[in-house]
$ cat run.txt   # compact mmCIF, C-alpha atoms
# COMPACT_ATOMS: atom_id res chain seq x y z
CA MET G 1 79.94 42.88 29.61
CA ALA G 2 83.13 41.53 31.21
CA VAL G 3 85.34 39.37 29.03
CA LYS G 4 85.61 35.84 30.40
CA GLU G 5 89.18 35.01 31.36
CA MET G 6 90.65 32.13 29.36
CA LYS G 7 91.32 29.01 31.42
CA LYS G 8 94.99 28.19 31.77
CA ILE G 9 96.34 24.80 30.74
CA LYS G 10 97.54 23.09 33.90
CA VAL G 11 100.57 20.85 33.43
CA MET G 12 101.71 18.66 36.31
CA HIS G 13 105.30 17.44 36.13
CA PHE G 14 106.55 14.48 38.17
CA VAL G 15 110.26 14.12 39.05
CA ALA G 16 112.23 12.00 41.52
CA GLY G 17 113.77 14.92 43.37
CA LEU G 18 115.00 18.50 43.25
CA THR G 19 118.76 18.22 43.59
CA SER G 20 121.14 19.38 40.88
CA GLY G 21 120.14 17.14 38.01
CA GLY G 22 119.65 17.78 34.33
CA VAL G 23 115.91 17.00 34.44
CA GLU G 24 115.27 19.85 36.86
CA GLN G 25 117.38 22.19 34.72
CA MET G 26 115.48 21.16 31.60
CA LEU G 27 112.18 21.95 33.36
CA CYS G 28 113.51 25.29 34.57
CA ASN G 29 114.45 26.19 31.01
CA TYR G 30 111.16 25.16 29.38
CA CYS G 31 108.76 26.34 32.09
CA GLY G 32 110.63 29.62 32.39
CA ALA G 33 110.31 30.25 28.65
CA MET G 34 106.62 29.35 28.28
CA ASN G 35 103.72 31.80 28.51
CA LYS G 36 102.48 32.00 32.13
CA ASP G 37 99.24 33.61 30.94
CA ALA G 38 98.47 30.37 29.11
CA TYR G 39 99.98 27.80 31.46
CA GLU G 40 100.00 26.83 35.12
CA PHE G 41 102.83 24.49 36.11
CA VAL G 42 102.83 22.23 39.15
CA LEU G 43 105.78 20.00 40.00
CA ALA G 44 105.53 16.94 42.28
CA TYR G 45 108.83 15.74 43.73
CA GLN G 46 109.76 13.04 46.25
CA HIS G 47 113.05 13.44 48.10
CA GLN G 48 114.24 16.23 50.37
CA ALA G 49 114.90 19.16 48.03
CA VAL G 50 118.12 21.13 47.79
CA GLU G 51 116.89 24.62 48.61
CA THR G 52 118.65 26.43 45.76
CA CYS G 53 117.22 23.93 43.25
CA LYS G 54 113.74 24.32 44.70
CA GLU G 55 114.03 28.11 44.53
CA LYS G 56 115.23 27.94 40.93
CA ILE G 57 112.34 25.76 39.76
CA GLU G 58 109.82 27.96 41.58
CA GLU G 59 111.33 31.11 40.06
CA SER G 60 110.79 29.54 36.62
CA GLY G 61 107.06 29.44 37.36
CA CYS G 62 106.49 25.97 38.87
CA ARG G 63 104.54 25.51 42.08
CA THR G 64 106.06 22.56 43.97
CA ILE G 65 104.46 19.76 46.00
CA ARG G 66 106.33 17.02 47.86
CA ILE G 67 104.97 13.46 47.94
CA THR G 68 106.23 10.27 49.60
CA ALA G 69 109.30 8.80 47.91
CA ARG G 70 109.07 5.37 46.28
CA SER G 71 112.16 4.26 48.22
CA GLU G 72 110.35 5.01 51.48
CA ASN G 73 106.98 3.45 50.66
CA PHE G 74 106.07 2.42 47.13
CA ILE G 75 102.33 2.05 47.80
CA LYS G 76 102.16 5.38 49.63
CA ASN G 77 103.95 6.98 46.68
CA LEU G 78 101.23 5.75 44.31
CA ILE G 79 98.49 6.86 46.69
CA ASP G 80 100.06 10.30 47.13
CA GLY G 81 100.37 10.65 43.37
CA TYR G 82 96.71 9.71 42.93
CA ARG G 83 95.59 12.17 45.61
CA VAL G 84 97.63 15.10 44.33
CA ILE G 85 96.43 14.56 40.75
CA LYS G 86 92.84 14.30 41.98
CA LYS G 87 93.22 17.53 43.95
CA GLU G 88 95.03 19.54 41.26
CA ARG G 89 92.95 18.24 38.31
CA PRO G 90 95.68 18.86 35.69
CA ASP G 91 95.02 18.84 31.97
CA ILE G 92 98.39 17.17 31.35
CA VAL G 93 100.55 14.88 33.49
CA HIS G 94 104.15 14.89 32.30
CA ALA G 95 106.43 12.29 33.95
CA HIS G 96 110.23 12.59 34.00
CA MET G 97 111.18 9.54 36.10
CA ASN G 98 112.28 7.27 33.25
CA LEU G 99 111.57 3.58 34.04
CA VAL G 100 109.05 4.50 36.74
CA ASN G 101 107.07 7.10 34.79
CA PHE G 102 104.11 4.75 35.16
CA CYS G 103 103.97 5.61 38.89
CA ALA G 104 102.51 8.98 37.88
CA LEU G 105 100.82 7.93 34.63
CA LEU G 106 98.73 5.05 36.00
CA PRO G 107 97.03 7.23 38.66
CA ALA G 108 96.52 9.88 35.96
CA TYR G 109 94.88 7.26 33.72
CA LEU G 110 92.55 6.13 36.53
CA LEU G 111 91.56 9.76 37.11
CA GLY G 112 90.85 10.38 33.43
CA VAL G 113 93.66 12.84 32.68
CA LYS G 114 93.42 13.40 28.93
CA VAL G 115 97.13 13.79 28.12
CA ARG G 116 99.69 11.61 29.90
CA ILE G 117 103.30 12.01 28.79
CA SER G 118 106.18 9.64 29.44
CA HIS G 119 109.52 11.44 29.00
CA SER G 120 112.81 9.51 28.77
CA HIS G 121 115.96 11.26 29.95
CA ILE G 122 118.55 8.47 30.23
CA ALA G 123 119.82 5.42 28.36
CA GLU G 124 120.71 3.22 31.31
CA THR G 125 122.80 0.06 31.16
CA ASN G 126 120.81 -3.01 32.14
CA ARG G 127 123.18 -4.43 34.72
CA ASN G 128 121.94 -8.03 35.18
CA ILE G 129 119.14 -10.41 34.24
CA LEU G 130 116.90 -9.40 37.15
CA PHE G 131 117.30 -5.74 36.26
CA ARG G 132 116.50 -6.47 32.61
CA ILE G 133 113.30 -8.30 33.57
CA MET G 134 112.25 -5.49 35.90
CA ALA G 135 113.12 -2.88 33.27
CA ALA G 136 111.08 -4.68 30.59
CA ILE G 137 108.00 -4.67 32.86
CA CYS G 138 108.49 -0.99 33.68
CA LYS G 139 108.87 -0.05 30.02
CA PHE G 140 105.66 -1.89 29.15
CA LEU G 141 103.77 -0.05 31.91
CA CYS G 142 105.21 3.33 30.91
CA VAL G 143 104.27 2.97 27.25
CA HIS G 144 100.75 1.65 27.87
CA ALA G 145 99.91 4.15 30.63
CA ALA G 146 100.95 7.07 28.43
CA THR G 147 99.09 8.79 25.61
CA ASP G 148 102.25 10.50 24.37
CA LEU G 149 105.94 9.62 24.38
CA MET G 150 108.89 12.03 24.56
CA THR G 151 112.66 11.75 24.79
CA CYS G 152 115.66 14.04 25.19
CA GLY G 153 117.65 12.11 22.57
CA GLN G 154 117.69 9.12 20.22
CA GLU G 155 119.53 6.84 22.65
CA ALA G 156 117.21 7.61 25.57
CA GLY G 157 114.17 7.12 23.34
CA ILE G 158 115.33 3.74 22.05
CA TYR G 159 116.14 2.64 25.61
CA LEU G 160 112.67 3.30 27.06
CA TYR G 161 110.40 2.85 24.01
CA GLY G 162 112.31 0.68 21.55
CA LYS G 163 113.86 1.31 18.15
CA ARG G 164 110.66 0.58 16.20
CA ARG G 165 108.65 3.33 17.91
CA MET G 166 111.48 5.78 17.32
CA GLN G 167 111.72 4.86 13.63
CA LYS G 168 107.95 5.14 13.15
CA GLY G 169 107.85 8.66 14.60
CA LYS G 170 105.85 7.63 17.66
CA VAL G 171 108.19 9.54 19.97
CA LEU G 172 108.71 13.29 20.05
CA LEU G 173 112.31 14.44 20.44
CA VAL G 174 112.36 17.36 22.87
CA GLU G 175 115.87 18.76 22.85
CA ASN G 176 117.46 19.88 26.12
CA ALA G 177 117.37 23.50 24.98
CA ILE G 178 118.82 26.37 27.00
CA ASN G 179 119.02 30.15 27.07
CA LEU G 180 122.06 30.34 24.80
CA ASP G 181 122.71 34.03 25.45
CA TYR G 182 123.10 33.34 29.18
CA TYR G 183 125.99 30.90 28.62
CA ASP G 184 127.73 32.80 25.81
CA ILE G 185 130.22 34.51 28.12
CA ASP G 186 132.51 37.30 26.99
CA PRO G 187 136.23 36.44 27.58
CA GLU G 188 136.76 39.66 29.54
CA VAL G 189 133.85 38.84 31.84
CA ARG G 190 135.28 35.35 32.30
CA GLU G 191 138.64 36.73 33.39
CA LYS G 192 137.05 39.16 35.86
CA ILE G 193 135.09 36.35 37.51
CA ARG G 194 138.22 34.18 37.78
CA GLU G 195 140.08 37.08 39.36
CA GLN G 196 137.26 37.58 41.89
CA HIS G 197 137.64 33.95 42.98
CA LYS G 198 141.47 34.17 42.93
CA LEU G 199 141.62 31.34 40.41
CA GLN G 200 143.01 33.17 37.40
CA ASP G 201 146.35 31.34 37.62
CA GLN G 202 144.88 27.86 38.08
CA LEU G 203 143.86 25.16 35.60
CA ILE G 204 140.23 24.51 36.55
CA ILE G 205 138.90 21.03 35.79
CA GLY G 206 135.11 21.28 36.09
CA HIS G 207 132.19 18.92 36.63
CA VAL G 208 128.49 19.66 37.13
CA GLY G 209 126.28 16.81 38.27
CA ARG G 210 124.55 15.07 41.14
CA PHE G 211 126.76 12.90 43.36
CA SER G 212 125.28 9.57 42.25
CA TYR G 213 126.30 6.20 40.81
CA GLN G 214 125.39 7.39 37.32
CA LYS G 215 127.80 10.35 37.29
CA ASN G 216 130.78 8.22 38.41
CA HIS G 217 132.54 10.76 40.65
CA GLU G 218 134.87 8.03 41.91
CA LYS G 219 136.39 7.71 38.42
CA LEU G 220 136.57 11.50 38.14
CA ILE G 221 138.51 11.81 41.41
CA HIS G 222 141.06 9.22 40.31
CA ILE G 223 141.43 10.99 36.95
CA PHE G 224 142.03 14.28 38.71
CA SER G 225 144.57 12.66 41.04
CA GLU G 226 146.58 11.75 37.95
CA ILE G 227 146.15 15.26 36.51
CA SER G 228 147.42 16.84 39.74
CA LYS G 229 150.64 14.80 39.44
CA ARG G 230 151.25 16.41 36.06
CA ARG G 231 149.97 19.92 36.76
CA ALA G 232 150.63 21.45 40.20
CA ASP G 233 148.26 24.32 39.35
CA ALA G 234 145.26 22.03 38.68
CA VAL G 235 142.07 22.44 40.71
CA LEU G 236 138.93 20.28 40.53
CA LEU G 237 135.62 22.15 40.78
CA LEU G 238 132.66 19.92 41.67
CA VAL G 239 129.21 21.51 41.37
CA GLY G 240 126.22 19.66 42.79
CA THR G 241 125.03 17.62 45.75
CA GLY G 242 123.82 14.07 46.19
CA GLU G 243 123.73 10.87 48.18
CA LEU G 244 127.38 9.97 47.51
CA GLU G 245 128.91 13.33 48.37
CA GLU G 246 130.34 12.28 51.74
CA GLN G 247 131.78 9.12 50.24
CA ILE G 248 133.54 11.17 47.55
CA LYS G 249 134.90 13.57 50.17
CA GLU G 250 136.40 10.59 51.99
CA LEU G 251 138.04 9.41 48.75
CA VAL G 252 139.51 12.88 48.19
CA GLN G 253 140.97 12.80 51.71
CA SER G 254 142.44 9.33 51.21
CA LEU G 255 144.24 10.50 48.06
CA ASN G 256 145.50 13.61 49.90
CA ILE G 257 144.19 16.04 47.28
CA GLN G 258 141.68 17.85 49.52
CA ASP G 259 143.48 21.18 49.08
CA LYS G 260 142.95 20.92 45.31
CA VAL G 261 139.25 19.96 45.22
CA ILE G 262 136.43 22.48 45.62
CA PHE G 263 133.01 21.13 46.63
CA TYR G 264 131.01 24.06 45.29
CA GLY G 265 127.54 22.80 46.19
CA THR G 266 124.57 24.07 44.20
CA THR G 267 124.00 27.51 42.76
CA LYS G 268 121.54 29.45 40.66
CA ASN G 269 124.44 31.33 39.04
CA MET G 270 125.70 28.78 36.51
CA ARG G 271 127.10 31.59 34.37
CA GLU G 272 129.67 32.18 37.08
CA VAL G 273 130.48 28.48 37.38
CA TYR G 274 131.16 28.07 33.67
CA SER G 275 133.28 31.22 33.69
CA LEU G 276 135.67 29.47 36.07
CA ILE G 277 136.11 26.22 34.15
CA ASP G 278 138.96 25.57 31.69
CA VAL G 279 138.03 22.01 30.75
CA PHE G 280 134.98 19.90 31.62
CA VAL G 281 135.05 16.17 32.40
CA LEU G 282 132.00 13.84 32.40
CA PRO G 283 132.90 10.14 32.99
CA SER G 284 129.28 8.99 33.43
CA ARG G 285 128.41 5.31 33.56
CA TYR G 286 125.32 6.02 31.47
CA GLU G 287 123.52 9.06 30.05
CA GLY G 288 120.81 10.05 27.62
CA PHE G 289 121.44 13.51 26.21
CA PRO G 290 122.73 15.56 29.18
CA VAL G 291 121.70 19.21 29.43
CA VAL G 292 125.21 19.98 30.59
CA SER G 293 126.59 18.97 27.18
CA VAL G 294 124.68 21.85 25.59
CA GLU G 295 125.65 24.27 28.34
CA VAL G 296 129.41 23.63 28.10
CA GLN G 297 129.40 24.08 24.34
CA ALA G 298 127.35 27.27 24.60
CA ALA G 299 129.93 28.50 27.14
CA ARG G 300 132.71 27.44 24.71
CA ILE G 301 134.39 25.07 27.19
CA PRO G 302 136.44 22.11 25.93
CA ALA G 303 135.05 18.85 27.33
CA LEU G 304 135.91 15.18 27.63
CA PHE G 305 132.95 12.77 27.93
CA SER G 306 132.81 9.02 28.44
CA ASP G 307 131.72 6.99 25.41
CA THR G 308 128.48 6.16 27.27
CA VAL G 309 127.24 9.71 26.61
CA ALA G 310 125.09 10.10 23.49
CA PRO G 311 127.42 10.85 20.53
CA THR G 312 124.77 13.18 19.10
CA CYS G 313 125.58 15.71 21.83
CA LYS G 314 128.77 16.61 19.95
CA LEU G 315 127.72 19.76 18.08
CA THR G 316 131.09 21.50 18.08
CA GLU G 317 134.75 20.49 17.99
CA LEU G 318 134.97 21.23 21.72
CA ILE G 319 133.68 17.76 22.64
CA GLU G 320 135.87 14.65 22.77
CA PHE G 321 134.96 11.12 23.87
CA MET G 322 136.94 8.54 25.83
CA PRO G 323 136.16 4.86 26.52
CA LEU G 324 134.87 4.54 30.06
CA ASP G 325 137.18 1.59 30.77
CA GLU G 326 140.28 3.51 29.65
CA THR G 327 142.92 4.01 32.34
CA ASP G 328 142.85 7.03 34.66
CA GLU G 329 146.30 7.99 33.35
CA ASN G 330 145.04 8.14 29.75
CA TRP G 331 141.95 10.08 30.83
CA ALA G 332 144.25 12.57 32.56
CA LYS G 333 146.46 12.97 29.48
CA LYS G 334 143.43 13.47 27.21
CA THR G 335 141.89 15.99 29.60
CA LEU G 336 145.05 18.09 29.55
CA GLU G 337 145.12 17.90 25.74
CA CYS G 338 141.52 19.10 25.58
CA SER G 339 142.31 22.03 27.89
CA THR G 340 144.50 23.58 25.18
CA LYS G 341 141.74 23.68 22.54
CA ASN G 342 140.83 26.95 20.86
CA ARG G 343 137.61 28.23 22.47
CA ASN G 344 136.89 30.83 19.80
CA ILE G 345 134.67 28.58 17.69
CA ASP G 346 131.48 28.84 15.66
CA ILE G 347 128.41 27.66 17.63
CA THR G 348 125.82 28.33 14.90
CA ALA G 349 124.70 24.67 14.79
CA LEU G 350 124.13 24.78 18.54
CA LYS G 351 122.02 27.93 18.28
CA GLU G 352 119.89 26.48 15.48
CA LYS G 353 118.92 23.36 17.48
CA TYR G 354 118.95 24.37 21.13
CA ASP G 355 117.47 27.86 21.44
CA ILE G 356 114.96 27.59 24.32
CA LYS G 357 112.75 30.35 22.92
CA GLU G 358 112.01 28.34 19.77
CA LYS G 359 111.82 24.95 21.48
CA ALA G 360 109.38 26.27 24.10
CA LYS G 361 107.07 27.34 21.25
CA MET G 362 107.27 23.81 19.84
CA LEU G 363 106.33 22.26 23.19
CA ASP G 364 103.46 24.74 23.51
CA ARG G 365 102.10 23.65 20.12
CA TYR G 366 102.48 20.01 21.08
CA TYR G 367 100.58 20.40 24.35
CA CYS G 368 97.75 22.23 22.58
CA GLN G 369 97.50 19.65 19.79
CA ALA G 370 97.57 16.78 22.27
CA LEU G 371 94.74 18.29 24.27
CA SER G 372 92.66 18.93 21.17
CA ARG G 373 93.12 15.41 19.83
CA GLY G 374 93.34 13.43 23.03
CA LYS G 375 95.49 10.73 21.45
CA VAL G 376 99.07 9.94 20.60
CA ILE G 377 100.46 12.38 18.05
CA THR G 378 102.86 10.94 15.50
CA ASP G 379 105.51 12.79 13.55
CA VAL G 380 105.00 16.01 15.50
CA SER G 381 108.69 16.77 15.29
CA LYS G 382 108.23 17.19 11.53
CA LYS G 383 105.25 19.51 11.96
CA ALA G 384 106.77 21.68 14.71

$ encode --input "run.txt" --output "structure tokens"
Amino acid sequence: MAVKEMKKIKVMHFVAGLTSGGVEQMLCNYCGAMNKDAYEFVLAYQHQAVETCKEKIEESGCRTIRITARSENFIKNLIDGYRVIKKERPDIVHAHMNLVNFCALLPAYLLGVKVRISHSHIAETNRNILFRIMAAICKFLCVHAATDLMTCGQEAGIYLYGKRRMQKGKVLLVENAINLDYYDIDPEVREKIREQHKLQDQLIIGHVGRFSYQKNHEKLIHIFSEISKRRADAVLLLVGTGELEEQIKELVQSLNIQDKVIFYGTTKNMREVYSLIDVFVLPSRYEGFPVVSVEVQAARIPALFSDTVAPTCKLTELIEFMPLDETDENWAKKTLECSTKNRNIDITALKEKYDIKEKAKMLDRYYCQALSRGKVITDVSKKA
């Protein structure tokens, strides 16, 4: 008698787009590390995808489906979400769109999806009273449309779900884990890669992130302009794409530093990118717990972050923080100071908390427990 094949657990992830963001990288890491014999992953995205990002997520084991973007037609977005969930019949819907997670979770609720996960990835600044009112409504909808709540960090969890839920263990902390071995680059390999790109004699200031309001590239360009006045050998390496890329290119031209700025675009070979960088700068307007903070420390790269980035991302002495409203001149001075840090450091604490192999096992257990119970699971982080 033939053995009946075990049914795979189908997980459907919802994201805003496939560009060069940390959410997509987090999904690549987790989906790539989880057992494909036990899971089927489907990813619904909205905006025109960057091809290399789409290829990377598909190589990790996610089948991709594009739906109408909310910015184009909000109602059509909800209808598309409903239709794709109805067609795919997932066991789990896992939303990664922060304040608008409910756009995927409400249709999933109406269709009887047993496990509906709201995942918070940012701790955004509420800019004005209208935004705060809108955000409060969105948070209410996200929490009440979900069966389970997740976050990448304490700050992001408090932002979307509130301090009380975090304190009561109602939210699972899912660390932005990575393949640590991939980023732990041998110094000799690093030098060879720099030689291949003819950058071995340059001071490479690096940044990885989508060209968006959040990442604050305008501030970064002005910081680098000040650095270039102090160091003639400085080069700025910008990795990513986004809606503000052309605007940033115009700013670079206006400051007459175009011969010192490399718009690298997107790549699947982040090991090569981090091999080039001497010091990393992240002047974000707001963040949760960025994946890139783990990557730069695993690659042993000194980094300077704005004070809007979660302080808990500092797991080694390589990370320094700077007030976002500090002058560009002071940011430049601090960046150059950071570039001289000793990179030969102990990253044991990083390996203990952010090894994707172990964290993928934890998420696997969580999914299975959630499906078996069909209700919100509290204090899972203590059981995992």

$ closest_residue --input "run.txt" --among "G:Leu18, G:Leu110, G:Val143, G:Leu27" --to "Thr52 (chain G)" --atoms "only C-alpha atoms"
G:Leu18

$ closest_residue --input "run.txt" --among "G:Ile205, G:Arg210, G:Gln25, G:Gln46" --to "Cys338 (chain G)" --atoms "only C-alpha atoms"
G:Ile205

$ closest_residue --input "run.txt" --among "G:Glu317, G:Glu40, G:Asp186, G:Asp201" --to "Ala349 (chain G)" --atoms "all atoms listed in the file"
G:Glu317

$ closest_atom_pairs --input "run.txt" --of "region 319-366 of chain G" --to "region 163-172 of chain G" --cutoff "12 Å" --atoms "all atoms listed in the file" --output "JSON lines"
{"residue": "G:Met362", "atom": "CA", "partner": "G:Leu172", "partner_atom": "CA", "distance": 10.6}
{"residue": "G:Leu363", "atom": "CA", "partner": "G:Leu172", "partner_atom": "CA", "distance": 9.8}
{"residue": "G:Tyr366", "atom": "CA", "partner": "G:Leu172", "partner_atom": "CA", "distance": 9.2}

$ atom_distance --input "run.txt" --atom1 "CA of Leu236 (chain G)" --atom2 "CA of Ile57 (chain G)"
27.2 Å

$ closest_residue --input "run.txt" --among "G:Thr68, G:Ser60, G:Thr327, G:Asn101" --to "Cys31 (chain G)" --atoms "all atoms listed in the file"
G:Ser60

$ atom_distance --input "run.txt" --atom1 "CA of Ile193 (chain G)" --atom2 "CA of Ile347 (chain G)"
22.7 Å

$ atom_distance --input "run.txt" --atom1 "CA of Val279 (chain G)" --atom2 "CA of Gly157 (chain G)"
29.1 Å
